[in-house]
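*Asks:* Next comes the structure file my_file03.pdb, holding PDB, C-alpha atoms, pLDDT in the B column.
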```pdb
ATOM      1  CA  PRO A   1       0.000   0.000   0.000  1.00 72.00           C
ATOM      2  CA  LEU A   2       0.939   3.620  -0.465  1.00 74.00           C
ATOM      3  CA  PRO A   3       2.819   4.729   2.650  1.00 75.00           C
ATOM      4  CA  LEU A   4       1.064   7.256   4.865  1.00 77.00           C
ATOM      5  CA  LEU A   5       3.080  10.441   5.076  1.00 86.00           C
ATOM      6  CA  ASP A   6       3.295  12.852   7.992  1.00 90.00           C
ATOM      7  CA  PRO A   7       1.598  16.257   7.792  1.00 93.00           C
ATOM      8  CA  LEU A   8       3.870  19.221   7.125  1.00 94.00           C
ATOM      9  CA  PRO A   9       5.474  20.367  10.397  1.00 95.00           C
ATOM     10  CA  GLU A  10       5.737  23.987  11.533  1.00 96.00           C
ATOM     11  CA  ARG A  11       9.496  23.904  11.052  1.00 97.00           C
ATOM     12  CA  LEU A  12      11.369  22.266   8.193  1.00 97.00           C
ATOM     13  CA  ALA A  13      15.004  21.474   8.972  1.00 97.00           C
ATOM     14  CA  GLY A  14      17.685  19.217   7.616  1.00 97.00           C
ATOM     15  CA  PRO A  15      20.631  18.999   5.290  1.00 98.00           C
ATOM     16  CA  VAL A  16      20.757  19.626   1.580  1.00 98.00           C
ATOM     17  CA  LEU A  17      20.767  15.982   0.529  1.00 98.00           C
ATOM     18  CA  ILE A  18      21.709  16.743  -3.059  1.00 98.00           C
ATOM     19  CA  ALA A  19      22.466  19.906  -5.028  1.00 97.00           C
ATOM     20  CA  LEU A  20      21.832  19.719  -8.758  1.00 97.00           C
ATOM     21  CA  GLY A  21      21.918  21.948 -11.816  1.00 96.00           C
ATOM     22  CA  ASP A  22      19.353  22.699 -14.506  1.00 97.00           C
ATOM     23  CA  ASP A  23      17.065  20.298 -16.386  1.00 97.00           C
ATOM     24  CA  VAL A  24      16.951  17.486 -13.825  1.00 97.00           C
ATOM     25  CA  THR A  25      14.722  14.822 -15.348  1.00 96.00           C
ATOM     26  CA  THR A  26      12.387  12.401 -13.631  1.00 95.00           C
ATOM     27  CA  ASP A  27      14.791   9.691 -14.883  1.00 94.00           C
ATOM     28  CA  ASP A  28      17.587  11.449 -12.984  1.00 96.00           C
ATOM     29  CA  ILE A  29      15.387  11.435  -9.877  1.00 97.00           C
ATOM     30  CA  LEU A  30      14.217   7.842 -10.264  1.00 94.00           C
ATOM     31  CA  PRO A  31      15.497   5.883 -13.256  1.00 91.00           C
ATOM     32  CA  ALA A  32      13.153   3.777 -15.331  1.00 85.00           C
ATOM     33  CA  GLY A  33      13.987   0.463 -16.900  1.00 81.00           C
ATOM     34  CA  ALA A  34      13.892  -3.282 -16.519  1.00 80.00           C
ATOM     35  CA  SER A  35      15.630  -3.399 -13.130  1.00 78.00           C
ATOM     36  CA  ILE A  36      13.203  -0.913 -11.590  1.00 81.00           C
ATOM     37  CA  LEU A  37       9.871  -1.678 -13.268  1.00 79.00           C
ATOM     38  CA  PRO A  38       9.224  -4.883 -11.269  1.00 79.00           C
ATOM     39  CA  LEU A  39       9.659  -2.888  -8.026  1.00 82.00           C
ATOM     40  CA  ARG A  40       7.166  -0.103  -8.808  1.00 80.00           C
ATOM     41  CA  SER A  41       4.752  -1.255  -6.096  1.00 85.00           C
ATOM     42  CA  ASN A  42       7.495  -1.747  -3.509  1.00 91.00           C
ATOM     43  CA  ILE A  43       8.379   1.770  -2.383  1.00 92.00           C
ATOM     44  CA  PRO A  44      11.096   0.733   0.124  1.00 93.00           C
ATOM     45  CA  ALA A  45      12.842  -1.368  -2.553  1.00 92.00           C
ATOM     46  CA  ILE A  46      12.536   1.182  -5.340  1.00 93.00           C
ATOM     47  CA  SER A  47      13.835   3.931  -3.033  1.00 94.00           C
ATOM     48  CA  ARG A  48      17.316   2.378  -3.305  1.00 94.00           C
ATOM     49  CA  PHE A  49      17.467   3.801  -6.843  1.00 94.00           C
ATOM     50  CA  ALA A  50      16.637   7.458  -6.042  1.00 96.00           C
ATOM     51  CA  PHE A  51      19.088   9.772  -7.834  1.00 97.00           C
ATOM     52  CA  SER A  52      21.303   6.734  -8.547  1.00 94.00           C
ATOM     53  CA  ARG A  53      22.282   8.080 -11.982  1.00 93.00           C
ATOM     54  CA  VAL A  54      23.794  11.219 -10.463  1.00 95.00           C
ATOM     55  CA  ASP A  55      24.682  10.161  -6.894  1.00 97.00           C
ATOM     56  CA  ARG A  56      24.454   6.526  -5.865  1.00 95.00           C
ATOM     57  CA  ASP A  57      24.906   7.458  -2.180  1.00 97.00           C
ATOM     58  CA  PHE A  58      21.748   9.595  -2.065  1.00 97.00           C
ATOM     59  CA  PRO A  59      19.354   6.957  -0.625  1.00 97.00           C
ATOM     60  CA  ALA A  60      21.708   6.023   2.237  1.00 97.00           C
ATOM     61  CA  ARG A  61      22.464   9.686   2.957  1.00 97.00           C
ATOM     62  CA  ALA A  62      18.750  10.561   3.036  1.00 97.00           C
ATOM     63  CA  ARG A  63      17.923   7.681   5.378  1.00 96.00           C
ATOM     64  CA  GLU A  64      20.868   8.473   7.666  1.00 97.00           C
ATOM     65  CA  ALA A  65      19.898  12.162   7.859  1.00 97.00           C
ATOM     66  CA  GLY A  66      16.210  11.401   8.372  1.00 94.00           C
ATOM     67  CA  GLY A  67      15.375  13.478   5.306  1.00 93.00           C
ATOM     68  CA  GLY A  68      16.130  16.988   4.152  1.00 97.00           C
ATOM     69  CA  PHE A  69      16.099  19.191   1.077  1.00 98.00           C
ATOM     70  CA  VAL A  70      16.840  18.942  -2.643  1.00 98.00           C
ATOM     71  CA  VAL A  71      18.297  22.014  -4.361  1.00 98.00           C
ATOM     72  CA  ALA A  72      18.314  22.443  -8.131  1.00 97.00           C
ATOM     73  CA  GLY A  73      18.351  24.976 -10.939  1.00 96.00           C
ATOM     74  CA  ARG A  74      15.797  25.498 -13.691  1.00 97.00           C
ATOM     75  CA  ASN A  75      13.225  23.018 -14.989  1.00 97.00           C
ATOM     76  CA  TYR A  76      13.414  20.513 -12.133  1.00 98.00           C
ATOM     77  CA  GLY A  77      11.477  17.330 -12.889  1.00 97.00           C
ATOM     78  CA  GLN A  78      11.269  17.543 -16.657  1.00 96.00           C
ATOM     79  CA  GLY A  79      10.456  14.435 -18.654  1.00 90.00           C
ATOM     80  CA  SER A  80       7.916  11.749 -17.952  1.00 84.00           C
ATOM     81  CA  SER A  81       5.044  12.203 -15.536  1.00 84.00           C
ATOM     82  CA  ARG A  82       5.899   9.244 -13.277  1.00 86.00           C
ATOM     83  CA  GLU A  83       4.552   9.827  -9.776  1.00 92.00           C
ATOM     84  CA  HIS A  84       7.281   7.655  -8.267  1.00 92.00           C
ATOM     85  CA  ALA A  85       9.824  10.406  -8.992  1.00 95.00           C
ATOM     86  CA  ALA A  86       8.056  12.450  -6.291  1.00 96.00           C
ATOM     87  CA  LEU A  87       6.852   9.621  -4.035  1.00 94.00           C
ATOM     88  CA  VAL A  88      10.271   8.019  -3.542  1.00 95.00           C
ATOM     89  CA  PRO A  89      12.086  11.217  -2.439  1.00 97.00           C
ATOM     90  CA  ARG A  90       9.188  11.915  -0.049  1.00 96.00           C
ATOM     91  CA  TYR A  91       9.441   8.373   1.303  1.00 95.00           C
ATOM     92  CA  LEU A  92      13.157   9.086   1.922  1.00 96.00           C
ATOM     93  CA  GLY A  93      12.241  12.234   3.872  1.00 96.00           C
ATOM     94  CA  VAL A  94      12.601  15.029   1.333  1.00 97.00           C
ATOM     95  CA  VAL A  95      10.421  17.866   2.670  1.00 96.00           C
ATOM     96  CA  ALA A  96      11.052  20.574   0.062  1.00 98.00           C
ATOM     97  CA  VAL A  97      12.727  21.184  -3.272  1.00 98.00           C
ATOM     98  CA  LEU A  98      14.298  24.599  -3.831  1.00 98.00           C
ATOM     99  CA  ALA A  99      14.746  25.423  -7.519  1.00 98.00           C
ATOM    100  CA  PHE A 100      14.422  28.264 -10.015  1.00 97.00           C
ATOM    101  CA  SER A 101      11.552  26.524 -11.785  1.00 97.00           C
ATOM    102  CA  PHE A 102       9.691  23.223 -11.983  1.00 98.00           C
ATOM    103  CA  ALA A 103       8.314  21.151 -14.814  1.00 97.00           C
ATOM    104  CA  ARG A 104       4.522  21.495 -14.545  1.00 96.00           C
ATOM    105  CA  ILE A 105       3.540  17.847 -14.063  1.00 96.00           C
ATOM    106  CA  HIS A 106       6.358  17.056 -11.666  1.00 97.00           C
ATOM    107  CA  ARG A 107       5.490  20.121  -9.584  1.00 98.00           C
ATOM    108  CA  ALA A 108       1.944  18.763  -9.275  1.00 97.00           C
ATOM    109  CA  ASN A 109       3.326  15.366  -8.238  1.00 97.00           C
ATOM    110  CA  LEU A 110       5.531  16.982  -5.576  1.00 97.00           C
ATOM    111  CA  VAL A 111       2.477  18.704  -4.113  1.00 97.00           C
ATOM    112  CA  ASN A 112       0.426  15.498  -4.262  1.00 95.00           C
ATOM    113  CA  PHE A 113       3.038  13.740  -2.127  1.00 95.00           C
ATOM    114  CA  GLY A 114       3.470  16.603   0.334  1.00 96.00           C
ATOM    115  CA  ILE A 115       6.800  17.992  -0.898  1.00 97.00           C
ATOM    116  CA  LEU A 116       6.913  21.779  -0.849  1.00 98.00           C
ATOM    117  CA  PRO A 117       8.073  23.184  -4.244  1.00 98.00           C
ATOM    118  CA  LEU A 118       9.883  26.465  -3.560  1.00 98.00           C
ATOM    119  CA  THR A 119      11.496  28.883  -5.995  1.00 98.00           C
ATOM    120  CA  PHE A 120      14.424  31.193  -5.332  1.00 97.00           C
ATOM    121  CA  ALA A 121      13.421  34.858  -5.147  1.00 96.00           C
ATOM    122  CA  SER A 122      16.896  36.085  -6.140  1.00 94.00           C
ATOM    123  CA  PRO A 123      19.008  34.586  -8.942  1.00 86.00           C
ATOM    124  CA  GLY A 124      22.233  34.476  -6.892  1.00 91.00           C
ATOM    125  CA  ASP A 125      20.747  32.579  -3.976  1.00 94.00           C
ATOM    126  CA  ARG A 126      21.121  29.122  -5.549  1.00 93.00           C
ATOM    127  CA  GLU A 127      24.887  29.553  -5.478  1.00 91.00           C
ATOM    128  CA  ARG A 128      24.798  30.199  -1.725  1.00 92.00           C
ATOM    129  CA  ILE A 129      23.622  26.642  -0.971  1.00 95.00           C
ATOM    130  CA  ALA A 130      25.733  23.491  -1.280  1.00 95.00           C
ATOM    131  CA  GLN A 131      25.161  19.814  -0.650  1.00 96.00           C
ATOM    132  CA  GLY A 132      25.507  19.093   3.058  1.00 97.00           C
ATOM    133  CA  ASP A 133      24.480  22.587   4.201  1.00 97.00           C
ATOM    134  CA  ALA A 134      21.977  22.649   7.056  1.00 97.00           C
ATOM    135  CA  LEU A 135      18.780  24.527   6.181  1.00 98.00           C
ATOM    136  CA  SER A 136      15.750  25.470   8.238  1.00 97.00           C
ATOM    137  CA  ILE A 137      12.470  27.205   7.540  1.00 98.00           C
ATOM    138  CA  GLU A 138      10.474  28.402  10.543  1.00 97.00           C
ATOM    139  CA  GLY A 139       6.725  29.009  10.578  1.00 97.00           C
ATOM    140  CA  VAL A 140       5.953  27.013   7.451  1.00 97.00           C
ATOM    141  CA  ARG A 141       2.470  25.845   8.480  1.00 96.00           C
ATOM    142  CA  ALA A 142       1.446  29.292   9.706  1.00 96.00           C
ATOM    143  CA  ALA A 143       2.665  30.910   6.474  1.00 97.00           C
ATOM    144  CA  LEU A 144       0.811  28.433   4.256  1.00 97.00           C
ATOM    145  CA  GLU A 145      -2.353  28.613   6.339  1.00 95.00           C
ATOM    146  CA  ALA A 146      -2.269  32.420   6.123  1.00 96.00           C
ATOM    147  CA  GLY A 147      -1.702  32.291   2.358  1.00 93.00           C
ATOM    148  CA  ARG A 148       1.717  33.983   2.526  1.00 96.00           C
ATOM    149  CA  ASP A 149       3.797  33.141  -0.515  1.00 96.00           C
ATOM    150  CA  GLU A 150       7.280  33.970   0.830  1.00 97.00           C
ATOM    151  CA  LEU A 151       9.344  31.980   3.300  1.00 98.00           C
ATOM    152  CA  VAL A 152      12.799  32.585   4.748  1.00 97.00           C
ATOM    153  CA  VAL A 153      15.359  29.796   4.552  1.00 98.00           C
ATOM    154  CA  ARG A 154      18.097  29.992   7.154  1.00 96.00           C
ATOM    155  CA  THR A 155      21.453  28.774   5.881  1.00 94.00           C
ATOM    156  CA  GLY A 156      24.989  28.866   7.191  1.00 86.00           C
ATOM    157  CA  ARG A 157      25.620  31.684   4.705  1.00 86.00           C
ATOM    158  CA  GLY A 158      22.710  33.936   5.637  1.00 92.00           C
ATOM    159  CA  ASP A 159      18.995  33.996   4.976  1.00 96.00           C
ATOM    160  CA  ILE A 160      17.445  33.316   1.577  1.00 96.00           C
ATOM    161  CA  VAL A 161      13.931  34.233   0.491  1.00 97.00           C
ATOM    162  CA  VAL A 162      11.978  31.591  -1.397  1.00 98.00           C
ATOM    163  CA  ARG A 163       8.465  31.669  -2.803  1.00 97.00           C
ATOM    164  CA  HIS A 164       5.679  29.294  -3.646  1.00 97.00           C
ATOM    165  CA  ASP A 165       2.728  29.701  -5.985  1.00 96.00           C
ATOM    166  CA  LEU A 166       0.449  27.123  -4.356  1.00 97.00           C
ATOM    167  CA  SER A 167      -3.294  27.493  -4.721  1.00 96.00           C
ATOM    168  CA  ALA A 168      -5.499  27.131  -1.632  1.00 95.00           C
ATOM    169  CA  ARG A 169      -6.184  23.505  -2.595  1.00 95.00           C
ATOM    170  CA  GLU A 170      -2.476  22.762  -3.082  1.00 97.00           C
ATOM    171  CA  ARG A 171      -1.642  24.370   0.270  1.00 96.00           C
ATOM    172  CA  ALA A 172      -4.222  22.083   1.933  1.00 95.00           C
ATOM    173  CA  VAL A 173      -2.648  19.038   0.258  1.00 95.00           C
ATOM    174  CA  VAL A 174       0.916  19.952   1.300  1.00 96.00           C
ATOM    175  CA  LEU A 175      -0.188  20.810   4.846  1.00 95.00           C
ATOM    176  CA  ALA A 176      -1.912  17.425   5.172  1.00 93.00           C
ATOM    177  CA  GLY A 177       1.232  15.603   4.010  1.00 92.00           C
ATOM    178  CA  GLY A 178      -0.070  14.694   0.579  1.00 91.00           C
ATOM    179  CA  LEU A 179      -3.223  14.110  -1.424  1.00 90.00           C
ATOM    180  CA  LEU A 180      -4.083  10.798   0.224  1.00 86.00           C
ATOM    181  CA  ASN A 181      -3.967  12.361   3.712  1.00 84.00           C
ATOM    182  CA  ALA A 182      -5.872  15.435   2.550  1.00 87.00           C
ATOM    183  CA  THR A 183      -8.610  13.286   1.040  1.00 86.00           C
ATOM    184  CA  ARG A 184      -8.903  11.039   4.095  1.00 83.00           C
ATOM    185  CA  SER A 185      -8.969  13.939   6.558  1.00 81.00           C
ATOM    186  CA  GLY A 186     -11.447  16.050   4.602  1.00 80.00           C
ATOM    187  CA  ALA A 187      -8.889  18.884   4.354  1.00 79.00           C
ATOM    188  CA  LEU A 188      -9.924  19.577   0.764  1.00 82.00           C
ATOM    189  CA  ALA A 189     -13.530  20.326   1.680  1.00 78.00           C
ATOM    190  CA  SER A 190     -12.633  23.833   2.808  1.00 68.00           C
ATOM    191  CA  ALA A 191      -9.934  24.508   0.207  1.00 64.00           C
TER     192      ALA A 191
END
```
Spit out the file's structure as structure tokens when you get a sec.
*Replies:*
Amino acid sequence: PLPLLDPLPERLAGPVLIALGDDVTTDDILPAGASILPLRSNIPAISRFAFSRVDRDFPARAREAGGGFVVAGRNYGQGSSREHAALVPRYLGVVAVLAFSFARIHRANLVNFGILPLTFASPGDRERIAQGDALSIEGVRAALEAGRDELVVRTGRGDIVVRHDLSARERAVVLAGGLLNATRSGALASA
């Protein structure tokens, strides 16, 4: 069965698990192919392949850290519309992706699995974050519930402003921890 995911906490904190460039594809996030296809219903097993084309240590690092953040450039999640490319990182504890832009379908999949898609407000801010950096975002739930579209990310190199463009319905889904939770809890009734 689809794993139940925790609701979004008030504070997001953790390391940058992986820092990537532009045009990250869903195949970069979770490769397709004969070795993976038989595992598509086994989320723990398929999670061993997350980002394996670009960093084979990502799954172990994510599990050891208890989750964290993904940082990327432009057009994150381009390619096929496979939901597993969002589900598997969420299963491994990814709470947010910070990027300049997202491929439309993948952005929707991130939201549906409770991952917060955030965009950099300033072009130079991406360069101020590296893999391994500790990040935190305070007051996330309150900001989303109030409809505020800017959040402050605390880094070891100063604060960075990020934005989201979530609709009221999408905010309800992310706050609930994903579409399945939002549907079960009735959170979408008021959104």
*Asks:* Can you give me, as an MDAnalysis selection string, the residues this file yields under the PyMOL selection byres ((chain A and resi 179) around 10)?
*Replies:* chainID A and resid 5 109 111:114 169:170 172:178 180:185 187:188
*Asks:* When the PyMOL selection byres ((chain A and resi 72) around 7) is applied to the file above, which residues end up in the set, as a ChimeraX atom specification?
*Replies:* /A:19-22,70-71,73-74,76,98-99
*Asks:* Rank A:Ala65, A:Ala32, A:Ala143, A:Ile105 by their smallest atom-to-atom distance to A:Leu92, using only C-alpha atoms, and report the top residue only.
*Replies:* A:Ala65
*Asks:* Tell me, in Å to one decimal, how far atom CA of A:Leu151 is from atom CA of A:Val16.
*Replies:* 16.9 Å
*Asks:* Which residue gives the smallest distance to A:His106 among A:Leu87, A:Leu166, A:Ala121, A:Ala189, with only C-alpha atoms counted?
*Replies:* A:Leu87
*Asks:* Since the input is missing atoms, can you rebuild all heavy atoms for stretch 157-168 of chain A and write them as a short mmCIF file (atom, residue, chain, number, x, y, z; two decimals), in the frame of the given file?
*Replies:*
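Once everything was written out, this is out_16.cif:
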```cif
data_model
loop_
_atom_site.label_atom_id
_atom_site.label_comp_id
_atom_site.auth_asym_id
_atom_site.auth_seq_id
_atom_site.Cartn_x
_atom_site.Cartn_y
_atom_site.Cartn_z
N ARG A 157 25.07 30.53 5.43
CA ARG A 157 25.62 31.68 4.70
C ARG A 157 24.64 32.85 4.67
O ARG A 157 24.71 33.68 3.78
CB ARG A 157 25.97 31.26 3.29
CG ARG A 157 27.06 30.22 3.22
CD ARG A 157 27.32 29.80 1.78
NE ARG A 157 28.28 28.72 1.72
CZ ARG A 157 27.98 27.43 1.75
NH1 ARG A 157 26.73 27.06 1.80
NH2 ARG A 157 28.91 26.52 1.69
N GLY A 158 23.70 32.87 5.60
CA GLY A 158 22.71 33.94 5.64
C GLY A 158 21.35 33.46 5.19
O GLY A 158 21.18 32.33 4.74
N ASP A 159 20.38 34.33 5.32
CA ASP A 159 19.00 34.00 4.98
C ASP A 159 18.74 34.15 3.49
O ASP A 159 19.32 35.02 2.83
CB ASP A 159 18.03 34.90 5.74
CG ASP A 159 18.05 34.64 7.24
OD1 ASP A 159 18.67 33.65 7.66
OD2 ASP A 159 17.44 35.43 7.97
N ILE A 160 17.85 33.30 2.99
CA ILE A 160 17.44 33.32 1.58
C ILE A 160 15.93 33.35 1.53
O ILE A 160 15.26 32.61 2.26
CB ILE A 160 17.97 32.06 0.85
CG1 ILE A 160 19.49 32.13 0.73
CG2 ILE A 160 17.32 31.91 -0.52
CD1 ILE A 160 20.09 30.87 0.15
N VAL A 161 15.38 34.18 0.67
CA VAL A 161 13.93 34.23 0.49
C VAL A 161 13.54 33.29 -0.65
O VAL A 161 14.16 33.30 -1.71
CB VAL A 161 13.46 35.67 0.19
CG1 VAL A 161 11.96 35.71 -0.13
CG2 VAL A 161 13.78 36.59 1.36
N VAL A 162 12.54 32.47 -0.38
CA VAL A 162 11.98 31.59 -1.40
C VAL A 162 10.48 31.85 -1.47
O VAL A 162 9.88 32.40 -0.55
CB VAL A 162 12.26 30.09 -1.10
CG1 VAL A 162 13.73 29.78 -1.22
CG2 VAL A 162 11.72 29.70 0.27
N ARG A 163 9.90 31.45 -2.59
CA ARG A 163 8.46 31.67 -2.80
C ARG A 163 7.80 30.38 -3.24
O ARG A 163 8.43 29.45 -3.72
CB ARG A 163 8.26 32.71 -3.90
CG ARG A 163 8.77 34.07 -3.54
CD ARG A 163 8.40 35.09 -4.61
NE ARG A 163 8.83 36.40 -4.18
CZ ARG A 163 9.74 37.13 -4.80
NH1 ARG A 163 10.32 36.67 -5.89
NH2 ARG A 163 10.08 38.31 -4.34
N HIS A 164 6.49 30.37 -3.08
CA HIS A 164 5.68 29.29 -3.65
C HIS A 164 4.50 29.95 -4.36
O HIS A 164 4.14 31.10 -4.09
CB HIS A 164 5.20 28.32 -2.56
CG HIS A 164 4.17 28.91 -1.65
ND1 HIS A 164 2.84 28.98 -1.98
CD2 HIS A 164 4.30 29.47 -0.43
CE1 HIS A 164 2.18 29.56 -1.00
NE2 HIS A 164 3.04 29.87 -0.04
N ASP A 165 3.91 29.21 -5.27
CA ASP A 165 2.73 29.70 -5.98
C ASP A 165 1.56 28.72 -5.81
O ASP A 165 0.76 28.52 -6.71
CB ASP A 165 3.03 29.93 -7.47
CG ASP A 165 3.45 28.66 -8.19
OD1 ASP A 165 3.65 27.61 -7.52
OD2 ASP A 165 3.60 28.69 -9.42
N LEU A 166 1.47 28.14 -4.62
CA LEU A 166 0.45 27.12 -4.36
C LEU A 166 -0.94 27.74 -4.25
O LEU A 166 -1.13 28.77 -3.60
CB LEU A 166 0.76 26.39 -3.05
CG LEU A 166 2.10 25.66 -2.97
CD1 LEU A 166 2.31 25.12 -1.57
CD2 LEU A 166 2.17 24.57 -4.00
N SER A 167 -1.90 27.10 -4.87
CA SER A 167 -3.29 27.49 -4.72
C SER A 167 -3.76 27.09 -3.33
O SER A 167 -3.07 26.35 -2.61
CB SER A 167 -4.15 26.79 -5.77
OG SER A 167 -4.19 25.39 -5.50
N ALA A 168 -4.94 27.52 -2.93
CA ALA A 168 -5.50 27.13 -1.63
C ALA A 168 -5.62 25.61 -1.53
O ALA A 168 -5.31 25.02 -0.49
CB ALA A 168 -6.86 27.79 -1.42
#
```
